[in-house]
file start25.txt (compact mmCIF, C-alpha atoms)
# COMPACT_ATOMS: atom_id res chain seq x y z
CA MET A 1 -17.15 -31.07 2.48
CA ARG A 2 -18.10 -27.48 1.69
CA ALA A 3 -17.26 -24.56 3.96
CA LEU A 4 -16.94 -20.78 4.09
CA VAL A 5 -13.20 -20.08 4.04
CA TYR A 6 -11.55 -16.81 5.04
CA HIS A 7 -8.79 -15.72 2.65
CA GLY A 8 -7.96 -12.32 4.13
CA PRO A 9 -9.77 -9.00 4.64
CA ALA A 10 -12.94 -8.79 2.50
CA GLN A 11 -12.19 -12.21 0.96
CA THR A 12 -14.25 -15.32 1.68
CA SER A 13 -15.52 -18.13 -0.53
CA TRP A 14 -17.75 -21.21 -0.27
CA ASP A 15 -15.15 -23.88 -1.06
CA THR A 16 -14.67 -27.63 -1.15
CA VAL A 17 -12.23 -28.51 1.65
CA PRO A 18 -11.08 -31.73 3.37
CA ASP A 19 -13.62 -33.23 5.75
CA ALA A 20 -13.34 -32.38 9.43
CA VAL A 21 -11.64 -35.24 11.30
CA ILE A 22 -10.96 -36.20 14.91
CA GLU A 23 -7.64 -34.67 16.01
CA GLU A 24 -7.84 -35.14 19.79
CA ALA A 25 -9.51 -37.89 21.80
CA SER A 26 -11.87 -35.30 23.34
CA ASP A 27 -13.17 -34.17 19.92
CA ALA A 28 -16.49 -34.87 18.24
CA ILE A 29 -17.45 -34.35 14.61
CA VAL A 30 -20.85 -32.73 14.17
CA ARG A 31 -22.83 -32.54 10.93
CA VAL A 32 -24.02 -28.94 10.89
CA ASP A 33 -27.77 -28.66 10.34
CA ALA A 34 -28.04 -24.93 11.15
CA ALA A 35 -25.54 -22.15 11.70
CA THR A 36 -25.67 -18.38 11.99
CA VAL A 37 -23.70 -15.28 11.06
CA CYS A 38 -22.46 -13.17 13.97
CA GLY A 39 -21.22 -9.60 14.12
CA THR A 40 -17.81 -10.99 15.04
CA ASP A 41 -17.76 -12.84 11.70
CA LEU A 42 -18.25 -9.48 9.97
CA HIS A 43 -15.35 -8.02 11.95
CA ILE A 44 -13.14 -10.92 10.84
CA ARG A 45 -14.10 -10.44 7.18
CA GLN A 46 -13.25 -6.76 7.49
CA GLY A 47 -9.79 -7.61 8.84
CA ASP A 48 -10.45 -6.31 12.38
CA LEU A 49 -9.12 -9.51 13.97
CA PRO A 50 -5.66 -10.04 12.46
CA GLY A 51 -5.12 -13.18 14.55
CA VAL A 52 -7.52 -15.11 12.30
CA LYS A 53 -5.34 -16.74 9.64
CA PRO A 54 -6.27 -17.04 5.97
CA GLY A 55 -7.59 -20.52 5.29
CA THR A 56 -9.70 -20.61 8.48
CA ILE A 57 -13.33 -21.74 8.21
CA LEU A 58 -15.50 -19.07 9.81
CA GLY A 59 -18.39 -19.36 12.25
CA HIS A 60 -18.86 -20.29 15.90
CA GLU A 61 -22.60 -20.99 16.34
CA ALA A 62 -24.25 -24.21 15.21
CA VAL A 63 -26.74 -26.99 15.83
CA GLY A 64 -26.32 -30.46 14.35
CA GLU A 65 -25.95 -34.20 14.71
CA VAL A 66 -22.95 -36.00 16.21
CA VAL A 67 -21.48 -38.29 13.55
CA GLU A 68 -18.21 -39.34 15.23
CA ILE A 69 -16.66 -39.13 18.70
CA GLY A 70 -13.15 -39.46 20.06
CA GLY A 71 -12.10 -42.05 22.60
CA GLN A 72 -12.33 -39.65 25.58
CA VAL A 73 -15.84 -38.37 24.82
CA HIS A 74 -18.13 -39.96 27.42
CA HIS A 75 -21.39 -38.00 27.38
CA LEU A 76 -22.21 -38.05 23.66
CA ARG A 77 -23.17 -40.75 21.20
CA THR A 78 -23.38 -40.72 17.43
CA GLY A 79 -26.84 -39.59 16.40
CA ASP A 80 -27.22 -37.12 19.29
CA GLN A 81 -28.66 -33.74 18.35
CA VAL A 82 -26.52 -31.01 19.94
CA ILE A 83 -26.10 -27.28 20.29
CA VAL A 84 -22.45 -26.44 19.64
CA SER A 85 -21.36 -23.72 22.04
CA SER A 86 -19.47 -20.74 20.66
CA VAL A 87 -17.08 -21.23 23.58
CA SER A 88 -15.01 -24.40 23.96
CA ALA A 89 -14.33 -25.53 27.54
CA CYS A 90 -11.63 -27.98 28.60
CA GLY A 91 -13.57 -28.59 31.81
CA ASP A 92 -10.45 -29.04 33.96
CA CYS A 93 -8.70 -25.67 34.32
CA PRO A 94 -9.44 -23.28 37.24
CA GLU A 95 -11.54 -21.00 35.00
CA CYS A 96 -13.70 -23.88 33.75
CA ARG A 97 -14.18 -25.22 37.28
CA ASN A 98 -15.64 -21.80 38.12
CA ALA A 99 -17.91 -21.86 35.01
CA ARG A 100 -15.87 -19.10 33.33
CA TYR A 101 -15.57 -21.08 30.11
CA GLY A 102 -14.90 -18.01 28.00
CA GLN A 103 -11.63 -17.62 29.92
CA CYS A 104 -10.62 -21.30 29.61
CA CYS A 105 -6.85 -21.60 29.98
CA GLY A 106 -6.67 -25.25 28.96
CA GLY A 107 -6.88 -24.68 25.21
CA GLY A 108 -10.52 -23.59 24.97
CA GLY A 109 -12.32 -20.24 25.06
CA TRP A 110 -13.44 -18.64 21.83
CA ILE A 111 -11.46 -20.72 19.34
CA LEU A 112 -14.07 -21.90 16.77
CA GLY A 113 -13.84 -19.78 13.65
CA ASN A 114 -10.96 -17.92 15.26
CA LEU A 115 -8.00 -20.15 16.12
CA VAL A 116 -9.46 -23.37 14.67
CA ASN A 117 -11.93 -24.11 11.89
CA GLY A 118 -15.47 -23.08 12.65
CA THR A 119 -19.11 -23.95 12.10
CA GLN A 120 -20.02 -22.41 8.74
CA ALA A 121 -19.43 -25.75 7.08
CA GLU A 122 -21.12 -29.06 6.45
CA LEU A 123 -19.03 -30.66 9.22
CA VAL A 124 -17.28 -29.16 12.24
CA ARG A 125 -14.71 -30.60 14.64
CA VAL A 126 -15.83 -29.69 18.17
CA PRO A 127 -12.94 -29.62 20.67
CA PHE A 128 -13.66 -30.72 24.26
CA ALA A 129 -17.00 -32.04 23.05
CA ASP A 130 -18.26 -33.25 26.43
CA HIS A 131 -18.08 -29.71 27.86
CA SER A 132 -18.77 -27.70 24.68
CA THR A 133 -22.12 -29.09 23.55
CA THR A 134 -25.67 -29.22 24.91
CA ARG A 135 -28.16 -31.82 23.73
CA ARG A 136 -31.00 -30.36 21.69
CA PRO A 137 -34.44 -31.76 22.52
CA TYR A 138 -36.45 -32.64 19.44
CA ASP A 139 -39.24 -30.27 20.47
CA VAL A 140 -36.93 -27.22 20.13
CA ALA A 141 -36.76 -25.90 16.56
CA LEU A 142 -33.39 -25.50 14.85
CA GLU A 143 -33.91 -21.73 14.47
CA ASP A 144 -34.52 -21.35 18.19
CA ALA A 145 -31.82 -23.79 19.32
CA VAL A 146 -29.04 -22.16 17.30
CA LEU A 147 -29.64 -18.90 19.18
CA LEU A 148 -28.50 -20.73 22.31
CA ALA A 149 -25.03 -21.29 20.85
CA GLU A 150 -24.05 -17.70 21.61
CA LEU A 151 -26.67 -14.96 21.14
CA LEU A 152 -28.97 -15.67 24.07
CA PRO A 153 -26.24 -16.59 26.60
CA THR A 154 -24.36 -13.41 25.63
CA ALA A 155 -27.41 -11.21 26.09
CA TYR A 156 -28.20 -12.83 29.43
CA GLU A 157 -24.76 -13.31 30.98
CA VAL A 158 -22.95 -10.20 29.75
CA GLY A 159 -25.97 -7.89 29.59
CA VAL A 160 -28.82 -8.78 31.95
CA ARG A 161 -26.89 -10.65 34.64
CA ASN A 162 -23.79 -8.46 34.67
CA GLY A 163 -26.05 -5.41 34.65
CA HIS A 164 -28.00 -6.70 37.66
CA VAL A 165 -31.41 -6.03 36.13
CA CYS A 166 -34.03 -6.11 38.91
CA PRO A 167 -37.82 -5.78 39.19
CA GLY A 168 -38.94 -2.18 38.78
CA ASP A 169 -35.77 -1.02 37.02
CA THR A 170 -35.56 1.35 34.10
CA VAL A 171 -33.35 -0.39 31.54
CA VAL A 172 -31.82 1.29 28.50
CA VAL A 173 -30.34 -0.81 25.70
CA VAL A 174 -28.07 1.09 23.30
CA GLY A 175 -28.08 -0.72 19.96
CA ALA A 176 -31.07 -2.54 18.44
CA GLY A 177 -29.20 -5.29 16.62
CA PRO A 178 -29.70 -8.99 17.38
CA VAL A 179 -27.86 -9.00 20.70
CA GLY A 180 -29.52 -5.78 21.84
CA LEU A 181 -33.01 -7.11 21.14
CA ALA A 182 -32.15 -10.50 22.65
CA THR A 183 -31.22 -8.51 25.76
CA VAL A 184 -34.67 -6.92 25.72
CA VAL A 185 -36.36 -10.32 25.60
CA LEU A 186 -34.26 -11.65 28.49
CA ALA A 187 -34.52 -8.51 30.62
CA ARG A 188 -38.31 -8.97 30.56
CA LEU A 189 -37.84 -12.10 32.68
CA TYR A 190 -36.89 -9.79 35.60
CA SER A 191 -39.97 -7.50 35.42
CA PRO A 192 -38.31 -4.13 34.85
CA ARG A 193 -40.58 -1.10 34.97
CA ARG A 194 -39.53 0.11 31.54
CA ILE A 195 -37.18 -0.95 28.74
CA ILE A 196 -35.96 1.71 26.31
CA VAL A 197 -34.02 0.92 23.14
CA VAL A 198 -31.86 3.52 21.44
CA ASP A 199 -30.53 3.23 17.88
CA LEU A 200 -29.72 5.50 14.94
CA ALA A 201 -31.34 3.23 12.32
CA GLU A 202 -35.08 3.65 11.77
CA ALA A 203 -35.42 0.06 10.53
CA ARG A 204 -33.91 -1.28 13.72
CA LEU A 205 -36.14 0.92 15.87
CA LYS A 206 -39.12 -0.64 14.09
CA ALA A 207 -37.67 -4.08 14.80
CA ALA A 208 -37.38 -3.12 18.47
CA ALA A 209 -41.03 -2.10 18.51
CA ARG A 210 -41.97 -5.54 17.14
CA VAL A 211 -40.06 -7.22 19.96
CA GLY A 212 -42.13 -5.24 22.45
CA VAL A 213 -40.02 -2.51 24.02
CA ASP A 214 -41.67 0.31 25.93
CA ALA A 215 -39.91 2.98 23.86
CA ALA A 216 -37.67 2.84 20.78
CA GLU A 217 -36.04 6.14 19.89
CA SER A 218 -32.99 7.67 18.31
CA PRO A 219 -30.48 9.33 20.66
CA GLY A 220 -31.51 12.82 21.59
CA LYS A 221 -34.36 13.88 23.81
CA MET A 222 -34.69 10.49 25.52
CA ILE A 223 -31.02 10.43 26.56
CA GLY A 224 -31.20 14.09 27.49
CA ASP A 225 -34.20 13.49 29.75
CA LEU A 226 -32.46 10.56 31.42
CA SER A 227 -29.18 12.41 31.94
CA GLU A 228 -30.92 15.47 33.38
CA GLY A 229 -33.37 13.40 35.42
CA PRO A 230 -32.95 10.38 37.67
CA GLY A 231 -31.28 8.30 34.96
CA ALA A 232 -31.57 4.61 34.14
CA ASP A 233 -30.85 1.89 36.69
CA VAL A 234 -29.17 -0.31 34.07
CA VAL A 235 -27.72 0.72 30.72
CA ILE A 236 -26.56 -2.02 28.34
CA GLU A 237 -24.17 -1.15 25.52
CA ALA A 238 -24.93 -3.45 22.58
CA SER A 239 -23.76 -1.41 19.61
CA GLY A 240 -19.99 -1.76 19.82
CA ASP A 241 -19.72 1.91 18.85
CA PRO A 242 -17.62 4.40 20.86
CA ASP A 243 -20.44 6.95 20.76
CA GLY A 244 -22.80 4.27 22.06
CA PHE A 245 -20.62 3.82 25.12
CA VAL A 246 -20.62 7.58 25.75
CA LEU A 247 -24.44 7.55 25.56
CA CYS A 248 -24.47 4.85 28.24
CA THR A 249 -22.41 6.99 30.61
CA ARG A 250 -24.84 9.89 30.10
CA ALA A 251 -27.99 7.84 30.64
CA VAL A 252 -27.03 5.88 33.78
CA ARG A 253 -28.18 7.04 37.20
CA THR A 254 -25.99 7.55 40.24
CA GLY A 255 -25.25 4.10 41.63
CA GLY A 256 -26.39 2.43 38.41
CA HIS A 257 -24.82 -0.23 36.21
CA ILE A 258 -23.37 -0.10 32.70
CA ALA A 259 -22.98 -3.54 31.12
CA ASN A 260 -20.95 -3.61 27.93
CA ILE A 261 -21.85 -6.34 25.44
CA GLY A 262 -20.78 -4.67 22.18
CA MET A 263 -17.52 -5.70 20.56
CA HIS A 264 -15.42 -2.56 20.27
CA GLY A 265 -13.03 -2.48 17.35
CA LYS A 266 -12.12 1.14 18.14
CA SER A 267 -11.16 2.97 21.31
CA ALA A 268 -14.00 4.30 23.46
CA THR A 269 -13.52 7.29 25.75
CA LEU A 270 -14.25 6.82 29.44
CA HIS A 271 -15.22 10.24 30.84
CA LEU A 272 -14.10 9.73 34.41
CA GLU A 273 -14.26 13.48 34.99
CA SER A 274 -18.06 13.18 34.96
CA LEU A 275 -18.38 9.62 36.32
CA TRP A 276 -15.97 9.42 39.25
CA ARG A 277 -18.49 10.66 41.81
CA LYS A 278 -21.54 8.76 40.50
CA ASN A 279 -20.73 5.33 42.02
CA VAL A 280 -21.32 3.70 38.64
CA THR A 281 -20.40 0.05 38.08
CA ILE A 282 -19.09 -0.80 34.60
CA SER A 283 -18.81 -4.43 33.52
CA THR A 284 -17.46 -6.10 30.40
CA GLY A 285 -17.34 -9.75 29.50
CA GLN A 286 -16.68 -12.66 27.20
CA VAL A 287 -19.68 -14.99 27.13
CA ASP A 288 -19.21 -18.25 29.04
CA THR A 289 -22.39 -20.05 27.82
CA SER A 290 -22.80 -21.39 31.36
CA SER A 291 -26.47 -20.38 31.18
CA THR A 292 -27.32 -22.41 28.06
CA SER A 293 -29.09 -25.26 29.84
CA TRP A 294 -31.19 -22.88 31.93
CA LEU A 295 -32.18 -20.82 28.88
CA LEU A 296 -33.01 -24.00 26.99
CA ALA A 297 -35.36 -25.06 29.80
CA LEU A 298 -37.12 -21.68 29.70
CA MET A 299 -37.52 -22.04 25.95
CA ARG A 300 -38.91 -25.57 26.17
CA PHE A 301 -41.53 -24.62 28.74
CA GLY A 302 -42.77 -21.55 26.89
CA GLN A 303 -41.21 -18.90 29.10
CA LEU A 304 -38.76 -17.63 26.49
CA SER A 305 -40.01 -16.79 23.00
CA VAL A 306 -37.25 -15.82 20.58
CA SER A 307 -38.59 -16.64 17.11
CA ARG A 308 -38.97 -12.93 16.24
CA LEU A 309 -35.20 -12.53 16.42
CA VAL A 310 -34.74 -14.68 13.28
CA THR A 311 -35.64 -12.66 10.19
CA HIS A 312 -33.85 -14.52 7.36
CA THR A 313 -33.04 -18.13 6.47
CA PHE A 314 -30.73 -19.34 3.71
CA GLY A 315 -29.24 -22.59 2.47
CA PHE A 316 -25.53 -23.12 2.96
CA ASP A 317 -24.95 -22.53 -0.74
CA ARG A 318 -26.19 -18.95 -0.27
CA MET A 319 -23.66 -18.11 2.46
CA GLU A 320 -22.46 -14.91 0.80
CA GLU A 321 -26.07 -13.69 0.47
CA ALA A 322 -26.57 -14.38 4.15
CA TYR A 323 -23.55 -12.25 5.05
CA GLU A 324 -24.83 -9.43 2.85
CA ALA A 325 -28.30 -9.56 4.44
CA PHE A 326 -26.81 -9.53 7.93
CA ALA A 327 -24.41 -6.69 7.14
CA ARG A 328 -27.28 -4.57 5.82
CA GLY A 329 -29.32 -5.07 8.98
CA PRO A 330 -29.14 -1.42 10.11
CA SER A 331 -30.86 -0.31 6.89
CA THR A 332 -33.18 -3.28 6.32
CA GLY A 333 -34.09 -4.31 9.86
CA ALA A 334 -32.58 -7.78 9.40
CA LEU A 335 -31.72 -9.39 12.73
CA LYS A 336 -30.48 -12.95 13.08
CA VAL A 337 -29.70 -14.85 9.88
CA VAL A 338 -29.93 -18.66 10.06
CA LEU A 339 -28.25 -20.96 7.54
CA HIS A 340 -29.64 -24.47 6.94
CA ARG A 341 -27.97 -27.53 5.55
CA VAL A 342 -31.21 -27.95 3.67
CA CYS A 343 -33.05 -24.65 3.51
CA SER A 344 -36.60 -24.74 4.82
CA PRO A 345 -39.24 -24.41 2.07

call {"tool": "encode", "arguments": {"input": "start25.txt", "output": "structure tokens"}}
result
Amino acid sequence: MRALVYHGPAQTSWDTVPDAVIEEASDAIVRVDAATVCGTDLHIRQGDLPGVKPGTILGHEAVGEVVEIGGQVHHLRTGDQVIVSSVSACGDCPECRNARYGQCCGGGGWILGNLVNGTQAELVRVPFADHSTTRRPYDVALEDAVLLAELLPTAYEVGVRNGHVCPGDTVVVVGAGPVGLATVVLARLYSPRRIIVVDLAEARLKAAARVGVDAAESPGKMIGDLSEGPGADVVIEASGDPDGFVLCTRAVRTGGHIANIGMHGKSATLHLESLWRKNVTISTGQVDTSSTSWLLALMRFGQLSVSRLVTHTFGFDRMEEAYEAFARGPSTGALKVVLHRVCSP
């Protein structure tokens, strides 16, 4: 099979490698029909996650068809169309029993494209397949379904739910990349009074306007007005930038929530000298993908429209182009990049 292999910082290649095979009785082999590139993949390519070993196949989001199952897989059959979760769940440990799959202590958690071979390949071995896949209905398009592998559950669970977005709230999202704008779409489900997106890149502010925010602005007057006025009820950090986190602490109101989604590769300063008396709640999180089935139902019944989040599609043989397009998103406005086994015409 062909796969995108990591060889070390700034070194990847689309190589021929041995086919994925069943290694544990709880595994399934899935033929990948669509996959995506995530910001975490960029961090790995840049060498920010030294735990990823050279020779690892990258990627942790995919949709495809089950082609083989292990002897302890009971809820899947060959031919099933499935969404492969970015998080693998053993299903038996205390964390999994409490639906905290991202914290699985039975050998799961975020392992695809990290500790084991991932999804940017023609075939992927899915550990703990019964608990780490969701069946894809045929009336849900590949481009929409693949967003349920990680992007939409992350935006909902770590951003909207952890931030306790409520009707009538003023919500500020710092960072207008894919996860930030997915957060906008999902926050709308809770009828906030106003959603404001902040970003430094003009192209991404235009993308935010297309998604339908109430205001899309660069940091400056908007943050100043919020910090000097009542402030935002919920501020969601989706940039992964230390300065973005500082903006969140300035924009939040007394008694408000800061929900951190962004992956921080550098230290961020927590200004407790200005926050200690504000009764602010700060949350962080690793996505659990426990909300996937609920989000899928919303999508199927027309209550969740996400097609605008996909801006580029490529065939697997153009994997490097896909990475380049995704990496240039701040200047081009590119959001989610979807890779197809056979690229759509």

call {"tool": "residues_around", "arguments": {"input": "start25.txt", "residues": "Asn279 in chain A", "least_positions_apart": "4", "cutoff": "9 Å", "atoms": "only C-alpha atoms", "output": "PyMOL selection string"}}
result
chain A and resi 254-256+275

call {"tool": "residues_around", "arguments": {"input": "start25.txt", "residues": "Leu148 in chain A", "least_positions_apart": "3", "cutoff": "8 Å", "atoms": "all atoms listed in the file", "output": "list in words"}}
result
Ile83, Ser85, Asp144, Ala145, Leu151, Leu152, Pro153, Thr292, Leu295 and Leu296 of chain A

call {"tool": "closest_residue", "arguments": {"input": "start25.txt", "among": "A:Thr119, A:Thr134, A:Asn98, A:Thr12", "to": "Trp294 in chain A", "atoms": "only C-alpha atoms"}}
result
A:Thr134

call {"tool": "axis_aligned_box", "arguments": {"input": "start25.txt", "around": "range 57-74 of chain A", "padding_each_side": "3 Å", "output": "AutoDock Vina command-line options"}}
result
--center_x -19.4 --center_y -30.6 --center_z 17.8 --size_x 20.6 --size_y 29.0 --size_z 25.2

call {"tool": "residues_around", "arguments": {"input": "start25.txt", "residues": "Asp27 in chain A", "least_positions_apart": "3", "cutoff": "6 Å", "atoms": "all atoms listed in the file", "output": "list in words"}}
result
Ile22, Glu24, Gly70, Val126, Pro127, Phe128 and Ala129 of chain A

call {"tool": "closest_atom_pairs", "arguments": {"input": "start25.txt", "of": "range 36-121 of chain A", "to": "range 335-342 of chain A", "cutoff": "10 Å", "atoms": "only C-alpha atoms", "output": "Markdown table"}}
result
| residue | atom | partner | partner_atom | distance |
| --- | --- | --- | --- | --- |
| A:Thr36 | CA | A:Val338 | CA | 4.7 |
| A:Val37 | CA | A:Val337 | CA | 6.1 |
| A:Cys38 | CA | A:Lys336 | CA | 8.1 |
| A:Gly39 | CA | A:Lys336 | CA | 9.9 |
| A:Glu61 | CA | A:Val338 | CA | 9.9 |
| A:Ala62 | CA | A:Leu339 | CA | 9.2 |
| A:Val63 | CA | A:His340 | CA | 9.7 |
| A:Gly64 | CA | A:Arg341 | CA | 9.4 |
| A:Gln120 | CA | A:Leu339 | CA | 8.4 |
| A:Ala121 | CA | A:Arg341 | CA | 8.9 |

call {"tool": "closest_residue", "arguments": {"input": "start25.txt", "among": "A:Cys248, A:Met222, A:Ile111, A:Val184", "to": "Gly51 in chain A", "atoms": "only C-alpha atoms"}}
result
A:Ile111

call {"tool": "atom_distance", "arguments": {"input": "start25.txt", "atom1": "CA of Leu189 in chain A", "atom2": "CA of Gly102 in chain A"}}
result
24.1 Å

call {"tool": "closest_residue", "arguments": {"input": "start25.txt", "among": "A:Ile57, A:Ala176, A:Met319, A:Leu304", "to": "Leu147 in chain A", "atoms": "only C-alpha atoms"}}
result
A:Leu304

call {"tool": "residues_around", "arguments": {"input": "start25.txt", "residues": "Ala207 in chain A", "least_positions_apart": "6", "cutoff": "12 Å", "atoms": "only C-alpha atoms", "output": "list in words"}}
result
Gly175, Ala176, Gly177, Pro178, Gly180, Leu181, Ala182, Val184, Val197, Val198, Asp199, Ala201, Val213, Ala215, Ala216, Glu217, Arg308, Leu309, Val310, Thr311, Gly329, Pro330, Ser331, Thr332, Gly333, Ala334, Leu335 and Lys336 of chain A

call {"tool": "write_last_selection", "arguments": {"input": "start25.txt", "atoms": "C-alpha atoms", "output": "CSV table (one decimal), keeping the file's coordinate frame"}}
result
chain,number,residue,atom,x,y,z
A,175,GLY,CA,-28.1,-0.7,20.0
A,176,ALA,CA,-31.1,-2.5,18.4
A,177,GLY,CA,-29.2,-5.3,16.6
A,178,PRO,CA,-29.7,-9.0,17.4
A,180,GLY,CA,-29.5,-5.8,21.8
A,181,LEU,CA,-33.0,-7.1,21.1
A,182,ALA,CA,-32.2,-10.5,22.6
A,184,VAL,CA,-34.7,-6.9,25.7
A,197,VAL,CA,-34.0,0.9,23.1
A,198,VAL,CA,-31.9,3.5,21.4
A,199,ASP,CA,-30.5,3.2,17.9
A,201,ALA,CA,-31.3,3.2,12.3
A,213,VAL,CA,-40.0,-2.5,24.0
A,215,ALA,CA,-39.9,3.0,23.9
A,216,ALA,CA,-37.7,2.8,20.8
A,217,GLU,CA,-36.0,6.1,19.9
A,308,ARG,CA,-39.0,-12.9,16.2
A,309,LEU,CA,-35.2,-12.5,16.4
A,310,VAL,CA,-34.7,-14.7,13.3
A,311,THR,CA,-35.6,-12.7,10.2
A,329,GLY,CA,-29.3,-5.1,9.0
A,330,PRO,CA,-29.1,-1.4,10.1
A,331,SER,CA,-30.9,-0.3,6.9
A,332,THR,CA,-33.2,-3.3,6.3
A,333,GLY,CA,-34.1,-4.3,9.9
A,334,ALA,CA,-32.6,-7.8,9.4
A,335,LEU,CA,-31.7,-9.4,12.7
A,336,LYS,CA,-30.5,-13.0,13.1

call {"tool": "atom_distance", "arguments": {"input": "start25.txt", "atom1": "CA of Ser293 in chain A", "atom2": "CA of Arg135 in chain A"}}
result
9.0 Å

call {"tool": "atom_distance", "arguments": {"input": "start25.txt", "atom1": "CA of Ala20 in chain A", "atom2": "CA of Val87 in chain A"}}
result
18.4 Å

call {"tool": "residues_around", "arguments": {"input": "start25.txt", "residues": "Val165 in chain A", "least_positions_apart": "5", "cutoff": "8 Å", "atoms": "all atoms listed in the file", "output": "ChimeraX atom specification"}}
result
/A:160,171,187,190,192,233-234

call {"tool": "write_last_selection", "arguments": {"input": "start25.txt", "atoms": "C-alpha atoms", "output": "PDB file, keeping the file's coordinate frame"}}
result
ATOM      1  CA  VAL A 160     -28.820  -8.780  31.950  1.00  0.00           C
ATOM      2  CA  VAL A 171     -33.350  -0.390  31.540  1.00  0.00           C
ATOM      3  CA  ALA A 187     -34.520  -8.510  30.620  1.00  0.00           C
ATOM      4  CA  TYR A 190     -36.890  -9.790  35.600  1.00  0.00           C
ATOM      5  CA  PRO A 192     -38.310  -4.130  34.850  1.00  0.00           C
ATOM      6  CA  ASP A 233     -30.850   1.890  36.690  1.00  0.00           C
ATOM      7  CA  VAL A 234     -29.170  -0.310  34.070  1.00  0.00           C
TER       8      VAL A 234
END

call {"tool": "closest_residue", "arguments": {"input": "start25.txt", "among": "A:Asp33, A:Glu68, A:Asp15, A:Asp92", "to": "Gly55 in chain A", "atoms": "only C-alpha atoms"}}
result
A:Asp15

call {"tool": "closest_residue", "arguments": {"input": "start25.txt", "among": "A:Gly315, A:Leu247, A:Gly118, A:Gly262", "to": "Lys221 in chain A", "atoms": "only C-alpha atoms"}}
result
A:Leu247

call {"tool": "decode", "arguments": {"input": "start25.txt", "residues": "range 309-313 of chain A", "atoms": "all heavy atoms", "output": "mmCIF file, in the first residue's frame"}}
result
data_model
loop_
_atom_site.group_PDB
_atom_site.id
_atom_site.type_symbol
_atom_site.label_atom_id
_atom_site.label_comp_id
_atom_site.auth_asym_id
_atom_site.auth_seq_id
_atom_site.Cartn_x
_atom_site.Cartn_y
_atom_site.Cartn_z
ATOM 1 N N LEU A 309 -16.600 24.418 5.713
ATOM 2 C CA LEU A 309 -15.310 24.266 6.383
ATOM 3 C C LEU A 309 -14.289 23.548 5.507
ATOM 4 O O LEU A 309 -13.092 23.610 5.772
ATOM 5 C CB LEU A 309 -15.489 23.506 7.692
ATOM 6 C CG LEU A 309 -16.372 24.175 8.748
ATOM 7 C CD1 LEU A 309 -16.559 23.255 9.945
ATOM 8 C CD2 LEU A 309 -15.787 25.511 9.184
ATOM 9 N N VAL A 310 -14.743 22.847 4.471
ATOM 10 C CA VAL A 310 -13.838 22.149 3.548
ATOM 11 C C VAL A 310 -13.597 23.060 2.352
ATOM 12 O O VAL A 310 -14.522 23.398 1.620
ATOM 13 C CB VAL A 310 -14.430 20.808 3.090
ATOM 14 C CG1 VAL A 310 -13.515 20.151 2.054
ATOM 15 C CG2 VAL A 310 -14.634 19.882 4.282
ATOM 16 N N THR A 311 -12.347 23.456 2.163
ATOM 17 C CA THR A 311 -12.019 24.386 1.073
ATOM 18 C C THR A 311 -11.193 23.744 -0.031
ATOM 19 O O THR A 311 -11.126 24.284 -1.133
ATOM 20 C CB THR A 311 -11.248 25.605 1.617
ATOM 21 O OG1 THR A 311 -10.065 25.144 2.289
ATOM 22 C CG2 THR A 311 -12.107 26.412 2.582
ATOM 23 N N HIS A 312 -10.530 22.610 0.242
ATOM 24 C CA HIS A 312 -9.661 21.974 -0.743
ATOM 25 C C HIS A 312 -9.826 20.464 -0.700
ATOM 26 O O HIS A 312 -9.980 19.877 0.380
ATOM 27 C CB HIS A 312 -8.181 22.296 -0.478
ATOM 28 C CG HIS A 312 -7.810 23.725 -0.682
ATOM 29 N ND1 HIS A 312 -8.265 24.730 0.121
ATOM 30 C CD2 HIS A 312 -7.005 24.310 -1.623
ATOM 31 C CE1 HIS A 312 -7.759 25.888 -0.296
ATOM 32 N NE2 HIS A 312 -6.999 25.658 -1.353
ATOM 33 N N THR A 313 -9.789 19.825 -1.863
ATOM 34 C CA THR A 313 -9.749 18.366 -1.942
ATOM 35 C C THR A 313 -8.599 17.953 -2.854
ATOM 36 O O THR A 313 -8.305 18.622 -3.843
ATOM 37 C CB THR A 313 -11.070 17.786 -2.475
ATOM 38 O OG1 THR A 313 -11.329 18.322 -3.776
ATOM 39 C CG2 THR A 313 -12.225 18.104 -1.546
#
